[in-house]
$ cat data_2.cif   # mmCIF, C-alpha atoms
data_protein
loop_
_atom_site.label_atom_id
_atom_site.label_comp_id
_atom_site.auth_asym_id
_atom_site.auth_seq_id
_atom_site.Cartn_x
_atom_site.Cartn_y
_atom_site.Cartn_z
CA MET A 11 -61.55 -40.89 -15.08
CA LYS A 12 -60.21 -37.96 -13.05
CA PRO A 13 -60.53 -38.15 -9.27
CA ILE A 14 -63.57 -36.33 -7.92
CA LEU A 15 -61.56 -34.41 -5.33
CA GLU A 16 -57.87 -33.61 -5.02
CA CYS A 17 -56.01 -31.61 -2.39
CA GLN A 18 -52.44 -30.51 -3.01
CA GLY A 19 -50.56 -28.91 -0.16
CA LEU A 20 -53.87 -27.58 1.07
CA THR A 21 -53.40 -25.18 3.97
CA LYS A 22 -55.88 -23.01 5.85
CA LYS A 23 -54.79 -20.67 8.60
CA TYR A 24 -57.03 -18.78 10.99
CA GLY A 25 -54.64 -16.14 12.38
CA ASN A 26 -51.71 -18.16 13.62
CA PHE A 27 -53.69 -21.39 13.89
CA PHE A 28 -53.31 -24.02 11.18
CA ALA A 29 -56.77 -25.56 10.68
CA LEU A 30 -55.33 -27.55 7.76
CA SER A 31 -51.65 -27.93 7.15
CA ASN A 32 -50.19 -29.10 3.82
CA LEU A 33 -52.89 -31.69 3.21
CA ASN A 34 -52.48 -34.01 0.23
CA LEU A 35 -55.51 -36.19 -0.44
CA THR A 36 -57.24 -37.77 -3.42
CA LEU A 37 -60.80 -39.10 -3.40
CA GLU A 38 -61.79 -41.51 -6.16
CA ARG A 39 -65.23 -41.92 -7.71
CA GLY A 40 -67.74 -44.54 -6.69
CA GLN A 41 -66.74 -44.67 -3.05
CA ILE A 42 -68.24 -43.95 0.34
CA ILE A 43 -65.58 -42.35 2.48
CA GLY A 44 -65.61 -41.56 6.18
CA LEU A 45 -63.93 -38.31 7.22
CA LEU A 46 -62.94 -38.90 10.81
CA GLY A 47 -61.00 -37.03 13.44
CA PRO A 48 -61.35 -35.51 16.89
CA ASN A 49 -62.95 -32.10 17.41
CA GLY A 50 -60.89 -29.34 15.83
CA SER A 51 -58.96 -31.67 13.52
CA GLY A 52 -59.96 -29.78 10.36
CA LYS A 53 -62.87 -31.86 9.02
CA THR A 54 -65.33 -29.02 8.61
CA THR A 55 -62.60 -26.68 7.30
CA LEU A 56 -61.83 -29.21 4.56
CA ILE A 57 -65.52 -29.54 3.75
CA LYS A 58 -65.99 -25.77 3.58
CA LEU A 59 -62.98 -25.44 1.30
CA ALA A 60 -64.43 -28.10 -1.01
CA ASN A 61 -67.67 -26.13 -1.19
CA GLY A 62 -66.01 -22.81 -1.88
CA LEU A 63 -67.15 -21.34 1.44
CA LEU A 64 -63.54 -20.72 2.45
CA THR A 65 -60.50 -19.97 0.34
CA PRO A 66 -57.20 -21.77 0.96
CA THR A 67 -54.31 -19.91 2.56
CA ASP A 68 -52.01 -22.01 0.44
CA GLY A 69 -52.17 -25.02 -1.88
CA HIS A 70 -55.06 -26.20 -4.06
CA ILE A 71 -58.33 -28.02 -3.82
CA ILE A 72 -59.68 -29.35 -7.11
CA ILE A 73 -63.13 -30.80 -7.72
CA ASN A 74 -63.53 -32.76 -10.94
CA SER A 75 -60.55 -30.80 -12.41
CA MET A 76 -62.07 -27.44 -11.43
CA SER A 77 -61.53 -24.97 -8.64
CA PRO A 78 -64.55 -24.63 -6.34
CA GLY A 79 -67.11 -22.31 -7.92
CA VAL A 80 -70.47 -22.23 -9.64
CA GLU A 81 -69.69 -25.26 -11.80
CA THR A 82 -68.57 -27.43 -8.88
CA LYS A 83 -71.62 -26.45 -6.83
CA LYS A 84 -73.75 -28.04 -9.53
CA ILE A 85 -72.15 -31.41 -8.94
CA ILE A 86 -71.68 -31.29 -5.18
CA SER A 87 -74.62 -31.93 -2.91
CA TYR A 88 -73.70 -30.57 0.49
CA LEU A 89 -75.25 -31.09 3.90
CA PRO A 90 -73.78 -28.36 6.09
CA GLU A 91 -73.29 -28.66 9.83
CA ARG A 92 -75.93 -25.97 10.33
CA SER A 93 -79.16 -25.50 8.41
CA TYR A 94 -79.58 -22.53 6.10
CA LEU A 95 -83.24 -23.21 5.37
CA ASN A 96 -85.88 -20.69 6.36
CA THR A 97 -87.77 -22.37 9.20
CA HIS A 98 -91.00 -20.53 8.35
CA MET A 99 -91.23 -22.46 5.10
CA ARG A 100 -93.34 -25.58 4.74
CA VAL A 101 -91.58 -28.77 3.65
CA GLU A 102 -93.53 -28.72 0.35
CA ASP A 103 -92.38 -25.15 -0.34
CA ILE A 104 -88.77 -26.13 0.27
CA LEU A 105 -89.20 -28.94 -2.23
CA THR A 106 -90.41 -26.45 -4.87
CA TYR A 107 -87.50 -24.21 -3.97
CA TYR A 108 -85.06 -27.07 -4.56
CA VAL A 109 -86.70 -27.96 -7.88
CA ASP A 110 -86.20 -24.34 -9.00
CA PHE A 111 -82.69 -24.15 -7.68
CA TYR A 112 -81.07 -27.41 -8.72
CA GLU A 113 -81.30 -28.94 -12.19
CA ASN A 114 -80.41 -32.32 -10.79
CA PHE A 115 -83.00 -32.41 -7.99
CA ASN A 116 -85.19 -35.49 -8.22
CA LEU A 117 -88.58 -34.51 -6.75
CA SER A 118 -90.19 -37.93 -6.91
CA ARG A 119 -87.28 -39.47 -5.02
CA ALA A 120 -87.55 -36.81 -2.32
CA THR A 121 -91.29 -37.24 -2.00
CA ALA A 122 -90.95 -41.01 -1.70
CA MET A 123 -88.33 -40.71 1.03
CA LEU A 124 -90.36 -38.16 3.00
CA LYS A 125 -93.30 -40.53 2.81
CA ASP A 126 -91.18 -43.47 4.03
CA LEU A 127 -90.06 -41.36 6.96
CA GLU A 128 -93.68 -40.29 7.62
CA ILE A 129 -92.88 -36.61 7.40
CA ASP A 130 -95.82 -34.29 6.80
CA THR A 131 -94.94 -32.09 3.83
CA HIS A 132 -97.53 -29.49 4.86
CA ALA A 133 -95.71 -28.86 8.13
CA ARG A 134 -93.60 -25.79 8.61
CA LEU A 135 -89.96 -26.59 9.25
CA ARG A 136 -89.91 -24.85 12.64
CA SER A 137 -92.74 -27.06 13.92
CA LEU A 138 -90.66 -30.20 13.37
CA SER A 139 -88.41 -31.79 15.96
CA LYS A 140 -84.63 -31.47 15.69
CA GLY A 141 -84.26 -35.01 14.39
CA THR A 142 -87.05 -34.62 11.85
CA LYS A 143 -85.53 -31.37 10.57
CA GLU A 144 -82.28 -33.23 10.06
CA LYS A 145 -84.08 -35.95 8.16
CA VAL A 146 -85.71 -33.37 5.86
CA GLN A 147 -82.32 -31.82 5.10
CA LEU A 148 -80.72 -35.14 4.39
CA VAL A 149 -83.58 -36.12 2.08
CA LEU A 150 -83.08 -32.87 0.16
CA VAL A 151 -79.35 -33.47 -0.17
CA MET A 152 -79.62 -37.14 -1.18
CA SER A 153 -82.35 -36.40 -3.73
CA ARG A 154 -79.96 -34.61 -6.02
CA ASP A 155 -78.18 -36.60 -8.71
CA ALA A 156 -74.78 -35.31 -7.72
CA ASP A 157 -71.23 -36.52 -8.36
CA LEU A 158 -70.07 -35.75 -4.85
CA TYR A 159 -72.17 -35.80 -1.71
CA ILE A 160 -70.57 -34.12 1.26
CA LEU A 161 -72.36 -34.79 4.51
CA ASP A 162 -71.15 -32.96 7.61
CA GLU A 163 -72.41 -34.90 10.65
CA PRO A 164 -75.54 -36.27 8.97
CA ILE A 165 -76.83 -38.67 11.60
CA GLY A 166 -75.99 -37.08 14.95
CA GLY A 167 -79.51 -36.05 15.93
CA VAL A 168 -81.66 -38.84 14.55
CA ASP A 169 -82.85 -41.98 16.33
CA PRO A 170 -81.23 -45.36 15.57
CA ALA A 171 -84.09 -46.62 13.39
CA ALA A 172 -84.00 -43.49 11.24
CA ARG A 173 -80.21 -43.80 11.16
CA ASP A 174 -80.57 -47.23 9.55
CA TYR A 175 -83.02 -45.81 7.03
CA ILE A 176 -80.68 -42.93 6.24
CA LEU A 177 -77.72 -45.24 5.67
CA GLN A 178 -79.97 -47.35 3.48
CA THR A 179 -80.89 -44.16 1.63
CA ILE A 180 -77.26 -43.32 1.06
CA LEU A 181 -76.58 -46.85 -0.21
CA THR A 182 -79.58 -46.78 -2.56
CA ASN A 183 -79.05 -43.33 -3.96
CA TYR A 184 -75.39 -43.05 -4.74
CA THR A 185 -74.50 -44.26 -8.18
CA GLU A 186 -71.40 -46.04 -9.40
CA ASN A 187 -69.68 -42.80 -10.32
CA ALA A 188 -70.72 -40.80 -7.30
CA THR A 189 -68.65 -40.36 -4.17
CA VAL A 190 -70.03 -39.80 -0.70
CA LEU A 191 -67.87 -38.10 1.92
CA ILE A 192 -69.31 -38.42 5.43
CA SER A 193 -67.91 -36.65 8.45
CA THR A 194 -69.09 -38.19 11.69
CA HIS A 195 -68.25 -39.24 15.21
CA LEU A 196 -70.63 -42.20 15.08
CA ILE A 197 -68.09 -44.47 13.46
CA SER A 198 -69.44 -47.84 14.50
CA ASP A 199 -72.85 -46.99 13.03
CA ILE A 200 -71.51 -46.30 9.57
CA GLU A 201 -68.42 -48.48 9.43
CA ASN A 202 -70.03 -51.23 7.36
CA VAL A 203 -71.14 -48.90 4.60
CA LEU A 204 -67.76 -47.24 4.13
CA ASP A 205 -65.14 -48.14 1.54
CA SER A 206 -62.38 -46.24 3.23
CA VAL A 207 -61.66 -43.80 6.01
CA VAL A 208 -59.58 -40.65 6.23
CA PHE A 209 -58.26 -39.77 9.70
CA LEU A 210 -57.37 -36.13 10.32
CA GLN A 211 -55.51 -34.74 13.34
CA TYR A 212 -54.18 -31.20 13.86
CA GLY A 213 -55.10 -30.45 10.25
CA GLN A 214 -52.97 -33.25 8.89
CA LEU A 215 -53.65 -36.63 7.35
CA VAL A 216 -52.96 -39.43 9.84
CA LEU A 217 -54.39 -42.37 7.93
CA ASN A 218 -56.09 -43.12 4.63
CA ALA A 219 -57.05 -46.80 4.31
CA THR A 220 -59.94 -49.07 3.42
CA VAL A 221 -62.06 -50.46 6.25
CA ASP A 222 -61.07 -54.04 5.41
CA GLU A 223 -57.37 -53.12 5.27
CA ILE A 224 -57.64 -51.77 8.80
CA ARG A 225 -59.51 -54.83 9.98
CA SER A 226 -57.20 -57.38 8.40
CA GLN A 227 -53.94 -55.60 9.25
CA ARG A 228 -54.80 -54.52 12.77
CA GLY A 229 -57.47 -57.02 13.74
CA LYS A 230 -59.80 -54.34 15.03
CA SER A 231 -62.65 -52.17 13.89
CA VAL A 232 -62.18 -48.62 12.62
CA ASP A 233 -64.04 -47.47 15.72
CA ALA A 234 -61.57 -49.27 18.01
CA LEU A 235 -58.61 -47.94 16.02
CA PHE A 236 -59.96 -44.40 16.24
CA ARG A 237 -60.26 -44.68 20.03
CA GLU A 238 -56.68 -45.94 20.17
CA VAL A 239 -55.11 -43.36 17.84
CA PHE A 240 -56.92 -40.40 19.35
CA ARG A 241 -56.87 -41.48 23.01
CA CYS A 242 -57.11 -38.43 25.23
CA MET B 24 -82.58 -56.66 8.53
CA PRO B 25 -78.80 -56.01 8.43
CA TRP B 26 -76.61 -59.09 8.63
CA ASP B 27 -74.99 -59.80 11.96
CA LEU B 28 -71.33 -58.90 11.45
CA ASP B 29 -68.37 -58.92 13.84
CA ASN B 30 -66.41 -55.75 14.44
CA ASP B 31 -62.88 -57.01 14.27
CA ARG B 32 -62.72 -59.09 11.09
CA PRO B 33 -62.72 -57.97 7.45
CA ILE B 34 -66.29 -57.43 6.29
CA TYR B 35 -65.88 -59.13 2.91
CA LEU B 36 -64.73 -62.35 4.63
CA GLN B 37 -67.81 -62.36 6.81
CA LEU B 38 -70.04 -61.75 3.80
CA MET B 39 -68.41 -64.72 2.05
CA GLU B 40 -69.02 -66.91 5.09
CA ARG B 41 -72.61 -65.82 5.34
CA ILE B 42 -73.30 -66.62 1.68
CA GLN B 43 -71.58 -70.00 2.06
CA GLN B 44 -73.79 -70.68 5.08
CA ASP B 45 -76.85 -69.73 3.04
CA ILE B 46 -75.84 -72.14 0.31
CA ILE B 47 -75.39 -74.97 2.80
CA ALA B 48 -78.60 -74.15 4.62
CA GLY B 49 -80.43 -74.37 1.30
CA VAL B 50 -81.41 -70.71 1.05
CA TYR B 51 -79.75 -70.93 -2.35
CA LYS B 52 -79.83 -74.18 -4.29
CA PRO B 53 -77.25 -75.35 -6.83
CA GLY B 54 -77.77 -73.46 -10.07
CA ASP B 55 -79.84 -70.72 -8.39
CA LYS B 56 -79.35 -67.16 -9.45
CA ILE B 57 -78.13 -64.98 -6.62
CA PRO B 58 -79.47 -61.44 -6.14
CA SER B 59 -77.59 -58.47 -7.59
CA VAL B 60 -74.66 -56.95 -5.74
CA ARG B 61 -76.73 -53.90 -4.96
CA ASP B 62 -79.67 -55.83 -3.54
CA LEU B 63 -77.39 -58.02 -1.45
CA ALA B 64 -75.48 -54.98 -0.21
CA LEU B 65 -78.71 -53.26 0.78
CA ASP B 66 -79.96 -56.38 2.52
CA ALA B 67 -76.72 -56.73 4.46
CA ALA B 68 -76.45 -52.94 5.00
CA VAL B 69 -72.89 -52.91 3.70
CA ASN B 70 -70.99 -51.06 1.02
CA PRO B 71 -71.69 -52.42 -2.49
CA ASN B 72 -67.97 -52.49 -3.30
CA THR B 73 -67.40 -54.77 -0.30
CA MET B 74 -70.19 -57.08 -1.42
CA GLN B 75 -68.71 -57.07 -4.90
CA LYS B 76 -65.37 -58.16 -3.45
CA ALA B 77 -67.00 -60.99 -1.47
CA LEU B 78 -68.76 -62.30 -4.58
CA ALA B 79 -65.60 -61.99 -6.67
CA GLU B 80 -63.77 -64.09 -4.07
CA LEU B 81 -66.54 -66.72 -4.08
CA GLU B 82 -66.26 -66.75 -7.84
CA ARG B 83 -62.52 -67.27 -7.59
CA ASN B 84 -63.18 -70.25 -5.29
CA GLY B 85 -65.55 -71.62 -7.91
CA LEU B 86 -68.55 -71.56 -5.61
CA VAL B 87 -70.42 -69.12 -7.78
CA TYR B 88 -70.02 -68.39 -11.46
CA SER B 89 -71.11 -65.42 -13.49
CA GLN B 90 -72.76 -65.30 -16.85
CA ARG B 91 -71.86 -62.13 -18.59
CA THR B 92 -75.32 -60.75 -19.09
CA SER B 93 -77.57 -62.61 -16.72
CA GLY B 94 -75.83 -62.40 -13.36
CA ARG B 95 -74.25 -64.74 -10.85
CA PHE B 96 -75.27 -68.32 -10.12
CA ILE B 97 -74.49 -70.94 -7.49
CA THR B 98 -72.31 -73.72 -8.82
CA GLU B 99 -74.00 -76.99 -9.76
CA ASP B 100 -70.87 -78.90 -8.89
CA GLU B 101 -72.22 -81.08 -6.06
CA VAL B 102 -68.76 -82.44 -5.26
CA MET B 103 -67.49 -78.96 -4.64
CA LEU B 104 -70.50 -78.09 -2.46
CA LYS B 105 -69.95 -81.23 -0.41
CA LYS B 106 -66.27 -80.36 -0.07
CA MET B 107 -67.15 -76.91 1.18
CA LYS B 108 -69.55 -78.39 3.71
CA MET B 109 -66.85 -80.73 5.00
CA GLN B 110 -64.35 -77.89 5.14
CA LEU B 111 -66.71 -75.77 7.24
CA ALA B 112 -67.46 -78.72 9.53
CA LYS B 113 -63.73 -79.25 10.05
CA GLU B 114 -63.26 -75.60 10.96
CA HIS B 115 -66.07 -75.73 13.50
CA ILE B 116 -64.63 -78.87 15.09
CA GLN B 117 -61.17 -77.35 15.22
CA GLN B 118 -62.49 -74.21 16.91
CA PHE B 119 -64.44 -76.31 19.38
CA PHE B 120 -61.37 -78.35 20.36
CA GLU B 121 -59.31 -75.19 20.70
CA LYS B 122 -61.85 -73.80 23.13
CA MET B 123 -61.89 -77.03 25.10
CA HIS B 124 -58.07 -76.92 25.26
CA GLN B 125 -58.33 -73.41 26.66
CA LEU B 126 -60.66 -74.78 29.34
CA GLY B 127 -58.00 -77.38 30.14
CA PHE B 128 -59.60 -80.54 28.70
CA ARG B 129 -57.56 -83.14 26.85
CA ASP B 130 -58.99 -84.45 23.57
CA GLU B 131 -59.96 -87.83 25.10
CA GLU B 132 -61.83 -86.12 27.90
CA THR B 133 -63.62 -83.89 25.43
CA LEU B 134 -64.62 -86.91 23.33
CA GLU B 135 -65.99 -88.66 26.41
CA MET B 136 -67.98 -85.61 27.33
CA ILE B 137 -69.44 -85.39 23.85
CA GLN B 138 -70.54 -89.02 24.05
CA ASP B 139 -72.09 -88.46 27.48
CA ALA B 140 -73.89 -85.39 26.20
CA LEU B 141 -75.30 -87.34 23.26
CA LYS B 142 -76.50 -90.12 25.56
CA GLY B 143 -78.15 -87.54 27.77
CA GLU B 144 -79.92 -86.06 24.80
CA ARG B 145 -81.31 -89.40 23.69
CA GLN B 146 -82.79 -90.27 27.09
#

$ encode --input "data_2.cif" --output "structure tokens"
Amino acid sequence: MKPILECQGLTKKYGNFFALSNLNLTLERGQIIGLLGPNGSGKTTLIKLANGLLTPTDGHIIINSMSPGVETKKIISYLPERSYLNTHMRVEDILTYYVDFYENFNLSRATAMLKDLEIDTHARLRSLSKGTKEKVQLVLVMSRDADLYILDEPIGGVDPAARDYILQTILTNYTENATVLISTHLISDIENVLDSVVFLQYGQLVLNATVDEIRSQRGKSVDALFREVFRC
Amino acid sequence: MPWDLDNDRPIYLQLMERIQQDIIAGVYKPGDKIPSVRDLALDAAVNPNTMQKALAELERNGLVYSQRTSGRFITEDEVMLKKMKMQLAKEHIQQFFEKMHQLGFRDEETLEMIQDALKGERQ
């Protein structure tokens, strides 16, 4: 099977600044991958390129053998860093909206998760707390039967108990052929659910290894390694 | 409840150890079917591929065996289970003596202390 995501010489410049510089990276199917790096290392730029929200300055990004576009948006479920949902809408209306919009949206799965998280579907989005809003968005994203889930900082604002539930949700909902790419700073919280990690710095790939490779070769956690590599 | 895992050692090794412990503690009995990779992974809150690797390693050791369609089972080989128990006991003892060495006790002193401790317990 073809890799779900491939970058070849991927470069993105903002003016004279290289947000990504000649990045070569392949993501296989059936994996949960952590996208890690300090602020400004190019994580969100890479994610936006994968979703067709930016165009490369140079090089290629290929999703399931296609350039980002309408077809790839069908198979990518994307949690952006900022919400695009209309906060006047009620949760139940957003659900209907998603059913209309995405062929692969699984309404019963979404409803079950919202119930588990005790979220009132009659509530308007703007009346919910920051953490609860984040939960709603993550439920929407994980309720699609996608090939690639891209989650940009999914757990930053939620409490530790909900964080556990969300990780559980990710583990339950991704299938053998689906890949989950998670960008986060909360490494120690998600380390155990990751197959591998990708470290970015100054728009370049610093490390691409499995969690257990890092632990057995360096005798430390990914979190500890991150703190060492990116010491300020 | 996620399993209690250390931060600095490979996860699959710790999963193997935990399952071995469970076998010895009688959570699983010889010949028992063990839960699916997915269920175990969810229970431990780890990546399913990592759990898969741990089970594959246990299979390689002969501690579990798989039947193509019906899943994985604990070995019924009592000799092997006993051997594993002895092996784990040896490791614990070795670690204990290493720690006592670090504290500056010679083996004879350690032994004496163990005997004293046992006497104290019985009184």

$ interface_residues --input "data_2.cif" --of "chain A" --to "chain B" --cutoff "8 Å" --atoms "only C-alpha atoms" --output "ChimeraX atom specification"
/A:41-42,177-178,181-182,202-205,221-223,225-226,229-231

$ closest_residue --input "data_2.cif" --among "B:Leu63, B:Val102, B:Leu134, B:Val50" --to "B:Trp26" --atoms "only C-alpha atoms"
B:Leu63

$ atom_distance --input "data_2.cif" --atom1 "atom CA of A:Leu150" --atom2 "atom CA of A:Leu63"
19.7 Å

$ residues_around --input "data_2.cif" --residues "stretch 92-101 of chain B" --least-positions-apart "6" --cutoff "9 Å" --atoms "only C-alpha atoms" --output "list in words"
Ile46, Tyr51, Lys52, Pro53, Gly54, Asp55, Lys56, Ile57, Pro58, Ser59, Leu78, Glu82, Gly85 and Leu86 of chain B

$ resolve_selection --input "data_2.cif" --expression "the PyMOL selection byres ((chain B and resi 108) around 12)" --output "PyMOL selection string"
chain B and resi 40+43-49+86+101-107+109-115

$ decode --input "data_2.cif" --residues "stretch 22-32 of chain A" --atoms "all heavy atoms" --output "PDB file, in the first residue's frame"
ATOM      1  N   LYS A  22       8.628  25.823   2.396  1.00  0.00           N
ATOM      2  CA  LYS A  22       7.667  26.923   2.467  1.00  0.00           C
ATOM      3  C   LYS A  22       8.373  28.154   3.036  1.00  0.00           C
ATOM      4  O   LYS A  22       8.935  28.118   4.125  1.00  0.00           O
ATOM      5  CB  LYS A  22       6.486  26.550   3.369  1.00  0.00           C
ATOM      6  CG  LYS A  22       5.446  27.638   3.501  1.00  0.00           C
ATOM      7  CD  LYS A  22       4.701  27.873   2.211  1.00  0.00           C
ATOM      8  CE  LYS A  22       3.834  29.122   2.280  1.00  0.00           C
ATOM      9  NZ  LYS A  22       3.178  29.387   0.983  1.00  0.00           N
ATOM     10  N   LYS A  23       8.354  29.214   2.221  1.00  0.00           N
ATOM     11  CA  LYS A  23       8.987  30.457   2.651  1.00  0.00           C
ATOM     12  C   LYS A  23       7.929  31.509   2.917  1.00  0.00           C
ATOM     13  O   LYS A  23       6.982  31.653   2.149  1.00  0.00           O
ATOM     14  CB  LYS A  23       9.916  30.977   1.535  1.00  0.00           C
ATOM     15  CG  LYS A  23      11.336  30.474   1.623  1.00  0.00           C
ATOM     16  CD  LYS A  23      12.132  30.888   0.403  1.00  0.00           C
ATOM     17  CE  LYS A  23      12.791  32.247   0.580  1.00  0.00           C
ATOM     18  NZ  LYS A  23      13.630  32.578  -0.604  1.00  0.00           N
ATOM     19  N   TYR A  24       8.074  32.229   4.017  1.00  0.00           N
ATOM     20  CA  TYR A  24       7.287  33.437   4.239  1.00  0.00           C
ATOM     21  C   TYR A  24       8.268  34.598   4.094  1.00  0.00           C
ATOM     22  O   TYR A  24       9.087  34.815   4.986  1.00  0.00           O
ATOM     23  CB  TYR A  24       6.676  33.454   5.643  1.00  0.00           C
ATOM     24  CG  TYR A  24       5.721  32.300   5.920  1.00  0.00           C
ATOM     25  CD1 TYR A  24       6.010  31.355   6.898  1.00  0.00           C
ATOM     26  CD2 TYR A  24       4.524  32.172   5.215  1.00  0.00           C
ATOM     27  CE1 TYR A  24       5.137  30.314   7.168  1.00  0.00           C
ATOM     28  CE2 TYR A  24       3.643  31.132   5.480  1.00  0.00           C
ATOM     29  CZ  TYR A  24       3.960  30.206   6.457  1.00  0.00           C
ATOM     30  OH  TYR A  24       3.095  29.173   6.731  1.00  0.00           O
ATOM     31  N   GLY A  25       8.236  35.310   2.986  1.00  0.00           N
ATOM     32  CA  GLY A  25       9.248  36.346   2.742  1.00  0.00           C
ATOM     33  C   GLY A  25      10.613  35.682   2.656  1.00  0.00           C
ATOM     34  O   GLY A  25      10.797  34.765   1.862  1.00  0.00           O
ATOM     35  N   ASN A  26      11.509  36.100   3.521  1.00  0.00           N
ATOM     36  CA  ASN A  26      12.833  35.490   3.519  1.00  0.00           C
ATOM     37  C   ASN A  26      12.975  34.367   4.530  1.00  0.00           C
ATOM     38  O   ASN A  26      14.022  33.745   4.640  1.00  0.00           O
ATOM     39  CB  ASN A  26      13.905  36.548   3.813  1.00  0.00           C
ATOM     40  CG  ASN A  26      14.178  37.401   2.592  1.00  0.00           C
ATOM     41  OD1 ASN A  26      14.084  36.909   1.459  1.00  0.00           O
ATOM     42  ND2 ASN A  26      14.474  38.670   2.812  1.00  0.00           N
ATOM     43  N   PHE A  27      11.887  34.120   5.279  1.00  0.00           N
ATOM     44  CA  PHE A  27      11.951  33.138   6.362  1.00  0.00           C
ATOM     45  C   PHE A  27      11.521  31.758   5.867  1.00  0.00           C
ATOM     46  O   PHE A  27      10.458  31.591   5.266  1.00  0.00           O
ATOM     47  CB  PHE A  27      11.048  33.592   7.513  1.00  0.00           C
ATOM     48  CG  PHE A  27      10.965  32.608   8.634  1.00  0.00           C
ATOM     49  CD1 PHE A  27      12.045  32.417   9.499  1.00  0.00           C
ATOM     50  CD2 PHE A  27       9.805  31.859   8.838  1.00  0.00           C
ATOM     51  CE1 PHE A  27      11.968  31.505  10.539  1.00  0.00           C
ATOM     52  CE2 PHE A  27       9.731  30.941   9.876  1.00  0.00           C
ATOM     53  CZ  PHE A  27      10.809  30.768  10.730  1.00  0.00           C
ATOM     54  N   PHE A  28      12.383  30.759   6.118  1.00  0.00           N
ATOM     55  CA  PHE A  28      12.048  29.389   5.747  1.00  0.00           C
ATOM     56  C   PHE A  28      11.256  28.737   6.880  1.00  0.00           C
ATOM     57  O   PHE A  28      11.824  28.387   7.910  1.00  0.00           O
ATOM     58  CB  PHE A  28      13.323  28.572   5.496  1.00  0.00           C
ATOM     59  CG  PHE A  28      13.950  28.820   4.158  1.00  0.00           C
ATOM     60  CD1 PHE A  28      14.873  29.857   3.998  1.00  0.00           C
ATOM     61  CD2 PHE A  28      13.609  28.050   3.059  1.00  0.00           C
ATOM     62  CE1 PHE A  28      15.448  30.088   2.764  1.00  0.00           C
ATOM     63  CE2 PHE A  28      14.189  28.284   1.821  1.00  0.00           C
ATOM     64  CZ  PHE A  28      15.109  29.303   1.665  1.00  0.00           C
ATOM     65  N   ALA A  29       9.946  28.590   6.696  1.00  0.00           N
ATOM     66  CA  ALA A  29       9.135  27.898   7.711  1.00  0.00           C
ATOM     67  C   ALA A  29       9.379  26.398   7.618  1.00  0.00           C
ATOM     68  O   ALA A  29       9.401  25.689   8.618  1.00  0.00           O
ATOM     69  CB  ALA A  29       7.660  28.207   7.509  1.00  0.00           C
ATOM     70  N   LEU A  30       9.548  25.910   6.368  1.00  0.00           N
ATOM     71  CA  LEU A  30       9.959  24.521   6.147  1.00  0.00           C
ATOM     72  C   LEU A  30      11.044  24.549   5.087  1.00  0.00           C
ATOM     73  O   LEU A  30      10.950  25.309   4.124  1.00  0.00           O
ATOM     74  CB  LEU A  30       8.800  23.659   5.642  1.00  0.00           C
ATOM     75  CG  LEU A  30       7.767  23.145   6.625  1.00  0.00           C
ATOM     76  CD1 LEU A  30       6.741  22.294   5.887  1.00  0.00           C
ATOM     77  CD2 LEU A  30       8.402  22.348   7.755  1.00  0.00           C
ATOM     78  N   SER A  31      12.058  23.739   5.275  1.00  0.00           N
ATOM     79  CA  SER A  31      13.189  23.814   4.373  1.00  0.00           C
ATOM     80  C   SER A  31      13.590  22.413   3.911  1.00  0.00           C
ATOM     81  O   SER A  31      14.099  21.621   4.702  1.00  0.00           O
ATOM     82  CB  SER A  31      14.330  24.520   5.112  1.00  0.00           C
ATOM     83  OG  SER A  31      15.519  24.347   4.440  1.00  0.00           O
ATOM     84  N   ASN A  32      13.275  22.099   2.665  1.00  0.00           N
ATOM     85  CA  ASN A  32      13.686  20.834   2.043  1.00  0.00           C
ATOM     86  C   ASN A  32      13.357  19.616   2.913  1.00  0.00           C
ATOM     87  O   ASN A  32      14.220  18.794   3.191  1.00  0.00           O
ATOM     88  CB  ASN A  32      15.191  20.897   1.752  1.00  0.00           C
ATOM     89  CG  ASN A  32      15.612  19.784   0.796  1.00  0.00           C
ATOM     90  OD1 ASN A  32      14.793  19.262   0.026  1.00  0.00           O
ATOM     91  ND2 ASN A  32      16.871  19.396   0.848  1.00  0.00           N
TER      92      ASN A  32
END
